[in-house]
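These notes concern the structure reproduced below.
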Amino acid sequence: MYRILKKESLNPTVTKMEIKAPFIAKKALAGQFVIVRADSDGERIPLTIAACDPQTGGVTIIFQVVGATTMELNDKKEGESLADFVGPLGMPTHLTGLKKVAVIGGGVGCAIALPVARALKNMGADVTSIVGFRSRDLVILEREFSEASDRMIMMTDDGSYGEKGNVCIPLKRLLEAGEQFDEVITIGPLIMMKFVAQTTLPYGVKTVASMNPIMIDGTGMCGCCRVSVGGEMKFACVDGPDFDAHLIDFDEAMQRAGSYKAFEARAREKHCNLYPKGEN
């Protein structure tokens with residue numbers, strides 16, 4: 001069992017947990033993830049590792065409470081335990097040799113982008129972080145991004161904090177001004193990553209997107225996490241989660257991501273006790 005060391009609400013829909021998992025804490029690198037089950041009969045879900053402390057054995061995950069499984073996970077309290085916490089899985093984000101990088105995070109995807117920005121900063125790279133949220137009350141990890149960046153730009157869709165608009169606006173402004181990035185790394189909603197890739201393509205800037213598709217086993221056996229990249233089928237859990245954003249078929253990925261929306265809504269309602277007892 002994996003004990004919850006700390007639990008913190010970052011905003012009304014996003015929770016941060018530190019889990020006691022010493023073997024994972026010693027091995028995990030930026031970009032890798034874990035497979036989590038809240039209870040022994042629960043669903044397996046992938047969550048990216050936000051931070052590790054090899055000294056205490058703590059592994060931090062940050063997740064958005066959107067469905068039945070994340071609701072069950074969020075119901076857990078400090079001192080309680082999770083049934084499974086498996087990892088580290090996936091390929092670490094390739095950072096070697098990068099000197100100047102733009103890290104683009106959106107929403108809860110910023111929890112995945114942060115360890116990447118930190119790792120780059122610790123390597124001595126020049127890091128520009130552009131983070132976007134729908135509104136001020138949904139902003140998370142602002143201080144942490146500021147510390148991990150040489151320059152940070154905050155965006156909100158409604159203009160309630162930072163600049164108004166999406167993350168592509170300052171990215172395009174910087175590229176038009178002649179900024180030369182070795183790489184742009186984008187992590188967030190599929191639609192955001194699609195438009196980041198479209199923004200960088202005319203400038204010939206290498207762009208990497210972190211994919212988080214439907215996933216079950218996390219070892220490449222189930223095939224649920226397949227992603228079309230350059231006309232080839234890849235598995236996000238073992239080939240990724242990072243891929244060349246200019247080659248990803250984002251439209252296909254978005255279509256697949258919506259395949260289980262009706263099922264997820266029903267499971268969420270059942271968890272919220274909206275169904276009569278015994279109905280499923």
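Chains: A, B, ... in order of the structure tokens. Residues: from 1 per chain. Ligands: from 1, in order shown.
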Per residue of region 157-215 of chain A within 10 Å of region 125-143 of chain A, note the shortest atom pair and the distance in Å to one decimal, counting only C-alpha atoms, and order the rows by chain and increasing residue number, as JSON lines.
```
{"residue": "A:Asp157", "atom": "CA", "partner": "A:Arg134", "partner_atom": "CA", "distance": 4.7}
{"residue": "A:Asp158", "atom": "CA", "partner": "A:Ser135", "partner_atom": "CA", "distance": 5.9}
{"residue": "A:Gly159", "atom": "CA", "partner": "A:Ser135", "partner_atom": "CA", "distance": 7.1}
{"residue": "A:Ser160", "atom": "CA", "partner": "A:Arg136", "partner_atom": "CA", "distance": 5.5}
{"residue": "A:Tyr161", "atom": "CA", "partner": "A:Arg136", "partner_atom": "CA", "distance": 5.3}
{"residue": "A:Gly162", "atom": "CA", "partner": "A:Arg136", "partner_atom": "CA", "distance": 8.5}
{"residue": "A:Glu163", "atom": "CA", "partner": "A:Gly132", "partner_atom": "CA", "distance": 9.3}
{"residue": "A:Lys164", "atom": "CA", "partner": "A:Ser135", "partner_atom": "CA", "distance": 9.5}
{"residue": "A:Gly165", "atom": "CA", "partner": "A:Gly132", "partner_atom": "CA", "distance": 8.3}
{"residue": "A:Asn166", "atom": "CA", "partner": "A:Gly132", "partner_atom": "CA", "distance": 6.4}
{"residue": "A:Val167", "atom": "CA", "partner": "A:Gly132", "partner_atom": "CA", "distance": 5.8}
{"residue": "A:Cys168", "atom": "CA", "partner": "A:Ile130", "partner_atom": "CA", "distance": 8.9}
{"residue": "A:Ile169", "atom": "CA", "partner": "A:Ile130", "partner_atom": "CA", "distance": 9.9}
{"residue": "A:Pro170", "atom": "CA", "partner": "A:Ile130", "partner_atom": "CA", "distance": 7.7}
{"residue": "A:Leu171", "atom": "CA", "partner": "A:Ile130", "partner_atom": "CA", "distance": 7.7}
{"residue": "A:Phe181", "atom": "CA", "partner": "A:Asp126", "partner_atom": "CA", "distance": 9.3}
{"residue": "A:Val184", "atom": "CA", "partner": "A:Thr128", "partner_atom": "CA", "distance": 9.4}
{"residue": "A:Ile185", "atom": "CA", "partner": "A:Ser129", "partner_atom": "CA", "distance": 9.6}
{"residue": "A:Thr186", "atom": "CA", "partner": "A:Ile130", "partner_atom": "CA", "distance": 9.4}
{"residue": "A:Ile187", "atom": "CA", "partner": "A:Val131", "partner_atom": "CA", "distance": 9.7}
{"residue": "A:Gly188", "atom": "CA", "partner": "A:Gly132", "partner_atom": "CA", "distance": 9.2}
{"residue": "A:Met192", "atom": "CA", "partner": "A:Gly132", "partner_atom": "CA", "distance": 9.6}
```
Those residues with C-alpha atoms, as an mmCIF file, in the first residue's frame please?
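again-v5.cif, written as the output of this step:
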```
data_model
loop_
_atom_site.group_PDB
_atom_site.id
_atom_site.type_symbol
_atom_site.label_atom_id
_atom_site.label_comp_id
_atom_site.auth_asym_id
_atom_site.auth_seq_id
_atom_site.Cartn_x
_atom_site.Cartn_y
_atom_site.Cartn_z
ATOM 1 C CA ASP A 157 -8.566 33.227 -21.487
ATOM 2 C CA ASP A 158 -10.692 35.914 -19.856
ATOM 3 C CA GLY A 159 -7.857 38.318 -18.996
ATOM 4 C CA SER A 160 -8.539 38.094 -15.256
ATOM 5 C CA TYR A 161 -4.811 37.538 -14.611
ATOM 6 C CA GLY A 162 -1.672 38.082 -16.635
ATOM 7 C CA GLU A 163 -2.259 38.674 -20.347
ATOM 8 C CA LYS A 164 -5.567 37.963 -22.027
ATOM 9 C CA GLY A 165 -5.648 35.189 -24.603
ATOM 10 C CA ASN A 166 -4.153 31.776 -25.270
ATOM 11 C CA VAL A 167 -0.545 30.616 -25.038
ATOM 12 C CA CYS A 168 0.009 30.866 -28.799
ATOM 13 C CA ILE A 169 -0.203 34.689 -28.704
ATOM 14 C CA PRO A 170 3.050 35.337 -26.767
ATOM 15 C CA LEU A 171 4.730 32.353 -28.447
ATOM 16 C CA PHE A 181 14.587 28.320 -29.418
ATOM 17 C CA VAL A 184 9.449 24.136 -27.834
ATOM 18 C CA ILE A 185 7.901 21.650 -25.395
ATOM 19 C CA THR A 186 4.119 21.783 -25.045
ATOM 20 C CA ILE A 187 1.952 19.989 -22.495
ATOM 21 C CA GLY A 188 -1.761 20.514 -21.997
ATOM 22 C CA MET A 192 -3.821 23.715 -27.283
#
```
Residues of region 39-127 of chain A within 12 Å of region 195-207 of chain A: nearest atom pair and distance (Å, one decimal) for each, counting only C-alpha atoms, sorted by chain and number, as a Markdown table?
```
| residue | atom | partner | partner_atom | distance |
| --- | --- | --- | --- | --- |
| A:His94 | CA | A:Thr207 | CA | 11.9 |
| A:Leu98 | CA | A:Lys206 | CA | 11.3 |
| A:Lys100 | CA | A:Val205 | CA | 11.6 |
| A:Val101 | CA | A:Thr207 | CA | 9.9 |
| A:Ala102 | CA | A:Thr207 | CA | 9.4 |
| A:Val103 | CA | A:Thr207 | CA | 9.9 |
| A:Ile104 | CA | A:Val196 | CA | 8.3 |
| A:Gly105 | CA | A:Val196 | CA | 10.3 |
| A:Gly106 | CA | A:Val196 | CA | 10.8 |
```
Which polymer residues have any atom within 9 Å of an atom of Leu89 (chain A), counting only C-alpha atoms, with same-chain residues fewer than 4 positions away left out, as an NGL selection string?
:A and (28 or 32-35 or 218-219 or 237-238)
Write the residues of the preceding selection, restricted to all heavy atoms, as a compact mmCIF listing (two decimals), in the first residue's frame.
```
# COMPACT_ATOMS: atom_id res chain seq x y z
N ALA A 28 12.67 8.00 -10.93
CA ALA A 28 11.86 8.77 -11.89
C ALA A 28 12.60 9.99 -12.42
O ALA A 28 13.34 10.67 -11.70
CB ALA A 28 10.56 9.20 -11.24
N GLN A 32 8.20 11.26 -17.01
CA GLN A 32 7.69 9.92 -16.77
C GLN A 32 6.40 9.97 -15.95
O GLN A 32 6.05 10.98 -15.36
CB GLN A 32 8.75 9.06 -16.08
CG GLN A 32 9.93 8.75 -16.98
CD GLN A 32 10.91 7.78 -16.34
OE1 GLN A 32 11.53 8.09 -15.33
NE2 GLN A 32 11.03 6.60 -16.94
N PHE A 33 5.70 8.81 -15.90
CA PHE A 33 4.40 8.79 -15.23
C PHE A 33 4.24 7.52 -14.40
O PHE A 33 5.09 6.62 -14.42
CB PHE A 33 3.27 8.90 -16.26
CG PHE A 33 3.17 7.73 -17.22
CD1 PHE A 33 2.30 6.67 -16.96
CD2 PHE A 33 3.92 7.69 -18.38
CE1 PHE A 33 2.21 5.60 -17.83
CE2 PHE A 33 3.83 6.62 -19.26
CZ PHE A 33 2.96 5.57 -18.98
N VAL A 34 3.15 7.48 -13.65
CA VAL A 34 2.79 6.30 -12.85
C VAL A 34 1.38 5.87 -13.22
O VAL A 34 0.58 6.65 -13.74
CB VAL A 34 2.86 6.59 -11.33
CG1 VAL A 34 4.28 6.79 -10.88
CG2 VAL A 34 2.00 7.80 -10.96
N ILE A 35 1.08 4.60 -12.97
CA ILE A 35 -0.29 4.08 -13.06
C ILE A 35 -0.81 3.94 -11.64
O ILE A 35 -0.16 3.32 -10.79
CB ILE A 35 -0.35 2.73 -13.79
CG1 ILE A 35 0.05 2.89 -15.27
CG2 ILE A 35 -1.74 2.11 -13.66
CD1 ILE A 35 -1.03 3.51 -16.14
N GLY A 218 -0.13 0.47 -19.33
CA GLY A 218 1.08 1.28 -19.26
C GLY A 218 2.33 0.58 -19.71
O GLY A 218 3.44 1.07 -19.51
N THR A 219 2.18 -0.60 -20.37
CA THR A 219 3.35 -1.36 -20.81
C THR A 219 3.34 -1.66 -22.30
O THR A 219 4.19 -2.40 -22.79
CB THR A 219 3.44 -2.70 -20.05
OG1 THR A 219 2.30 -3.51 -20.38
CG2 THR A 219 3.48 -2.48 -18.55
N CYS A 237 2.53 4.98 -24.00
CA CYS A 237 3.08 4.49 -22.73
C CYS A 237 4.52 4.01 -22.84
O CYS A 237 5.26 4.09 -21.87
CB CYS A 237 2.19 3.39 -22.16
SG CYS A 237 2.14 1.89 -23.14
N VAL A 238 4.92 3.50 -24.00
CA VAL A 238 6.29 2.98 -24.13
C VAL A 238 7.12 3.74 -25.16
O VAL A 238 8.33 3.87 -25.01
CB VAL A 238 6.29 1.47 -24.48
CG1 VAL A 238 5.81 0.66 -23.29
CG2 VAL A 238 5.44 1.18 -25.71
```
Taking the chain letters and numbering used in this document, name the residues of region 97-140 of chain A that DSSP puts in strand (DSSP E or B), as a list in words.
Lys100, Val101, Ala102, Val103, Ile104, Gly105, Gly106, Asp126, Val127, Thr128, Ser129, Ile130, Val131, Gly132 and Phe133 of chain A
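Using only C-alpha atoms, the smallest distance between any of A:Ala177, A:Leu47, A:Met154, A:Ile4 and Gly90 (chain A) comes from A:Leu47.
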From a backbone DSSP assignment, name each residue in region 44-274 of chain A labelled helix (DSSP H, G or I), as an MDAnalysis selection string.
chainID A and resid 68:75 107:122 136:138 142:148 168:176 190:203 250:257 261:271
List as an MDAnalysis selection string the protein and nucleic acid residues near Leu82 (chain A), meaning an atom at most 12 Å away when only C-alpha atoms are counted, but skip any in the same chain fewer than 3 places from it.
chainID A and resid 1:5 17:21 35:44 72:79 85:86
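Distance annotation: of A:Cys52, A:Ile248, A:Met215, A:Ala148, the residue with the minimal separation from Gly230 (chain A) is A:Ile248; atom set is only C-alpha atoms.
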Please provide as a PyMOL selection string all residues within 10 Å of Glu147 (chain A), with the sequence filter that same-chain residues fewer than 5 positions apart are discarded (counting only C-alpha atoms).
chain A and resi 117-118+121+142+152
Let me see the file: selected residues, N, CA and C atoms, as a short mmCIF file (atom, residue, chain, number, x, y, z; two decimals), in the first residue's frame.
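Saved file selection-v3.cif follows:
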```
data_model
loop_
_atom_site.label_atom_id
_atom_site.label_comp_id
_atom_site.auth_asym_id
_atom_site.auth_seq_id
_atom_site.Cartn_x
_atom_site.Cartn_y
_atom_site.Cartn_z
N ALA A 117 10.51 22.02 -16.93
CA ALA A 117 11.14 23.34 -16.79
C ALA A 117 12.22 23.31 -15.72
N ARG A 118 11.93 22.65 -14.60
CA ARG A 118 12.91 22.56 -13.51
C ARG A 118 14.18 21.83 -13.95
N LYS A 121 16.21 24.02 -16.21
CA LYS A 121 16.85 25.09 -15.43
C LYS A 121 18.06 24.56 -14.67
N GLU A 142 2.16 28.96 -9.91
CA GLU A 142 2.76 30.19 -10.43
C GLU A 142 4.15 30.43 -9.83
N MET A 152 8.81 34.09 -17.44
CA MET A 152 7.52 33.41 -17.38
C MET A 152 6.42 34.36 -17.84
#
```
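Nearest to Thr48 (chain A) of all the residues A:Val227, A:Phe250, A:Ser9, A:Pro241 is A:Pro241, based on only C-alpha atoms.
Residue nearest Pro12 (chain A), chosen from A:Val59, A:Ala51, A:Val108, A:Ile191 and counting only C-alpha atoms: A:Val108.
Counting from CA of Asp244 (chain A), the distance to CA of Gly67 (chain A) is 29.1 Å.
Distance annotation: of A:Ser81, A:Ala30, A:Arg256, A:Ile45, the residue with the minimal separation from Thr69 (chain A) is A:Ile45; atom set is only C-alpha atoms.
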